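Okay, structure first, notes after.
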Amino acid sequence: MNRYSRDQIAARVAQDIPEGAYVNLGIGLPTKVANYLPAEREVFLHSENGLLGMGPAPAEGEEDEDLINAGKQPVTLLTGGAYFHHGDSFAMMRGGHLDICVLGAFQVAANGDLANWHTGATDAIPAVGGAMDLAIGAKQVFVMMDHQTKTGESKIVAQCSYPLTGVGCVNRIYTDLAVLDVTPQGLRVLEMAPGLSFEELQAATAATLLQGE
């Protein structure tokens, strides 16, 4: 089965981030999106640890250990970028000042419910961070993730079985198999990996999918 690479997923998300948007990129896979934003497009990247105006990852050997994102990865700061208190950062998130947040997920339900902080396993360490604040504070929530777990189970489901991060908050899902919109009618397929049929995509998804406009 043909699949998009993680870099291809990140590049695809970057296509949907418009000029002038204020955007938070979540920990993990979403941080790759910064590397695919066109230099001529002005986008303001926010990090919950108190940064606005992040650029792409630094070149090897040019890392600044005092300049990191929320995932403790080295980042760059664009001209005009700013540092601020963690509390101010969360005020931006909770106050509806971010246009888009891009998050990873363990599960997304057909109605847009998001589960991305805990699998419910008794030995798992909870790590909610700012995900709940982003999920309800951002104007749009994009999720990027693998379509299935390592054991082949769909991460797109009819109803989440893991503890929820946010209810009905996800607008669009980007996976290694497809791009899906969350609509009142259900999950609508916008794009599929090259060579993948709708029937194959549906078989890999534990929620009903819709075709076309």
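Each chain in the structure tokens gets a letter, A, B and so on, in the order shown; residues start at 1 in every chain, and ligands are counted from 1 in the order they appear.
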Practice prompt. Just the strand (DSSP E) stuff from stretch 21-67 of chain A, please, per backbone DSSP, written as a ChimeraX atom specification.
Written response: /A:22-25,44-47,51-54
Worksheet item: Quick one: residues within 6 Å of stretch 5-15 of chain A, only C-alpha atoms counted, chain neighbours fewer than 2 positions away excluded, as a ChimeraX atom specification?
Response: /A:17,32-33,36-37
Create the file for the chosen residues now, containing N, CA, C and O atoms and written as a PDB file, in the first residue's frame.
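Now in result-v5.pdb:
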```pdb
ATOM      1  N   ILE A  17      -1.728  26.340   5.247  1.00  0.00           N
ATOM      2  CA  ILE A  17      -1.530  27.425   6.214  1.00  0.00           C
ATOM      3  C   ILE A  17      -1.403  28.734   5.440  1.00  0.00           C
ATOM      4  O   ILE A  17      -0.450  28.925   4.687  1.00  0.00           O
ATOM      5  N   LYS A  32       7.714  19.370  11.996  1.00  0.00           N
ATOM      6  CA  LYS A  32       8.282  19.304  10.646  1.00  0.00           C
ATOM      7  C   LYS A  32       7.647  20.320   9.695  1.00  0.00           C
ATOM      8  O   LYS A  32       8.245  20.708   8.689  1.00  0.00           O
ATOM      9  N   VAL A  33       6.435  20.750  10.006  1.00  0.00           N
ATOM     10  CA  VAL A  33       5.721  21.669   9.118  1.00  0.00           C
ATOM     11  C   VAL A  33       6.513  22.961   8.912  1.00  0.00           C
ATOM     12  O   VAL A  33       6.505  23.536   7.817  1.00  0.00           O
ATOM     13  N   TYR A  36       8.632  23.437   5.828  1.00  0.00           N
ATOM     14  CA  TYR A  36       8.006  23.439   4.503  1.00  0.00           C
ATOM     15  C   TYR A  36       7.159  24.677   4.238  1.00  0.00           C
ATOM     16  O   TYR A  36       6.484  24.752   3.208  1.00  0.00           O
ATOM     17  N   LEU A  37       7.215  25.646   5.126  1.00  0.00           N
ATOM     18  CA  LEU A  37       6.503  26.895   4.880  1.00  0.00           C
ATOM     19  C   LEU A  37       7.340  27.759   3.940  1.00  0.00           C
ATOM     20  O   LEU A  37       8.511  28.012   4.204  1.00  0.00           O
TER      21      LEU A  37
END
```
Fill in: Close residues, A:Leu210 itself excluded, 10 Å, only C-alpha atoms, min 3 positions apart in chain, as a list of chain:residue names
A:Leu180, A:Asp181, A:Thr183, A:Gln185, A:Gly186, A:Leu187, A:Arg188, A:Val189, A:Leu190, A:Phe198, A:Gln202, A:Ala207, A:Glu213
Would you save the residues of that selection, restricted to N, CA, C and O atoms, as an mmCIF file, in the first residue's frame?
```
data_model
loop_
_atom_site.group_PDB
_atom_site.id
_atom_site.type_symbol
_atom_site.label_atom_id
_atom_site.label_comp_id
_atom_site.auth_asym_id
_atom_site.auth_seq_id
_atom_site.Cartn_x
_atom_site.Cartn_y
_atom_site.Cartn_z
ATOM 1 N N LEU A 180 -8.410 14.196 5.182
ATOM 2 C CA LEU A 180 -9.840 14.077 5.460
ATOM 3 C C LEU A 180 -10.355 15.341 6.132
ATOM 4 O O LEU A 180 -9.689 15.904 7.003
ATOM 5 N N ASP A 181 -11.540 15.777 5.722
ATOM 6 C CA ASP A 181 -12.220 16.876 6.397
ATOM 7 C C ASP A 181 -13.276 16.321 7.346
ATOM 8 O O ASP A 181 -14.009 15.383 6.990
ATOM 9 N N THR A 183 -16.719 16.898 8.772
ATOM 10 C CA THR A 183 -17.908 17.677 8.410
ATOM 11 C C THR A 183 -19.090 17.209 9.254
ATOM 12 O O THR A 183 -19.039 16.138 9.877
ATOM 13 N N GLN A 185 -21.650 15.897 8.231
ATOM 14 C CA GLN A 185 -22.137 14.641 7.644
ATOM 15 C C GLN A 185 -21.196 13.465 7.923
ATOM 16 O O GLN A 185 -21.579 12.302 7.767
ATOM 17 N N GLY A 186 -19.948 13.754 8.326
ATOM 18 C CA GLY A 186 -18.967 12.706 8.580
ATOM 19 C C GLY A 186 -17.616 13.062 7.992
ATOM 20 O O GLY A 186 -17.357 14.221 7.645
ATOM 21 N N LEU A 187 -16.753 12.077 7.858
ATOM 22 C CA LEU A 187 -15.397 12.284 7.369
ATOM 23 C C LEU A 187 -15.379 12.233 5.847
ATOM 24 O O LEU A 187 -15.678 11.204 5.249
ATOM 25 N N ARG A 188 -15.011 13.359 5.241
ATOM 26 C CA ARG A 188 -14.995 13.450 3.780
ATOM 27 C C ARG A 188 -13.565 13.369 3.264
ATOM 28 O O ARG A 188 -12.678 14.068 3.754
ATOM 29 N N VAL A 189 -13.336 12.505 2.292
ATOM 30 C CA VAL A 189 -12.000 12.300 1.728
ATOM 31 C C VAL A 189 -11.683 13.417 0.737
ATOM 32 O O VAL A 189 -12.399 13.601 -0.255
ATOM 33 N N LEU A 190 -10.601 14.151 1.000
ATOM 34 C CA LEU A 190 -10.155 15.204 0.087
ATOM 35 C C LEU A 190 -9.093 14.690 -0.874
ATOM 36 O O LEU A 190 -9.103 15.022 -2.052
ATOM 37 N N PHE A 198 -10.378 4.120 -2.990
ATOM 38 C CA PHE A 198 -11.265 4.479 -1.887
ATOM 39 C C PHE A 198 -11.593 3.244 -1.055
ATOM 40 O O PHE A 198 -11.664 3.314 0.176
ATOM 41 N N GLN A 202 -11.031 2.865 2.895
ATOM 42 C CA GLN A 202 -12.127 2.553 3.811
ATOM 43 C C GLN A 202 -11.808 1.311 4.649
ATOM 44 O O GLN A 202 -12.094 1.274 5.853
ATOM 45 N N ALA A 207 -13.969 4.057 10.639
ATOM 46 C CA ALA A 207 -15.094 4.993 10.625
ATOM 47 C C ALA A 207 -15.549 5.114 9.176
ATOM 48 O O ALA A 207 -14.743 4.971 8.260
ATOM 49 N N GLU A 213 -17.372 15.999 -3.146
ATOM 50 C CA GLU A 213 -17.672 17.311 -2.531
ATOM 51 C C GLU A 213 -18.797 17.193 -1.520
ATOM 52 O O GLU A 213 -19.724 16.435 -1.715
#
```
Worksheet item: Residues at most 8 Å from A:Val143, counting only C-alpha atoms, excluding those fewer than 4 positions away in the same chain, as a PyMOL selection string?
Response: chain A and resi 102-105+170+172-174
I need the residues from that last selection saved to file as a PDB file, in the first residue's frame (with C-alpha atoms), if you can.
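As written to disk, selection08.pdb reads:
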```pdb
ATOM      1  CA  VAL A 102      -1.336  21.323  14.312  1.00  0.00           C
ATOM      2  CA  LEU A 103      -1.372  18.359  16.704  1.00  0.00           C
ATOM      3  CA  GLY A 104      -0.513  14.689  16.725  1.00  0.00           C
ATOM      4  CA  ALA A 105      -3.053  12.141  17.935  1.00  0.00           C
ATOM      5  CA  VAL A 170     -10.706  18.645  14.872  1.00  0.00           C
ATOM      6  CA  ARG A 172      -8.925  18.338   9.188  1.00  0.00           C
ATOM      7  CA  ILE A 173      -6.865  15.134   9.417  1.00  0.00           C
ATOM      8  CA  TYR A 174      -3.631  14.483   7.504  1.00  0.00           C
TER       9      TYR A 174
END
```
Worksheet item: Which is closest to A:Gly166 among A:Leu201, A:Asn116, A:Asp146, A:Gly195, if we use only C-alpha atoms?
Response: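 That would be A:Asn116, the residue with the smallest distance to A:Gly166.
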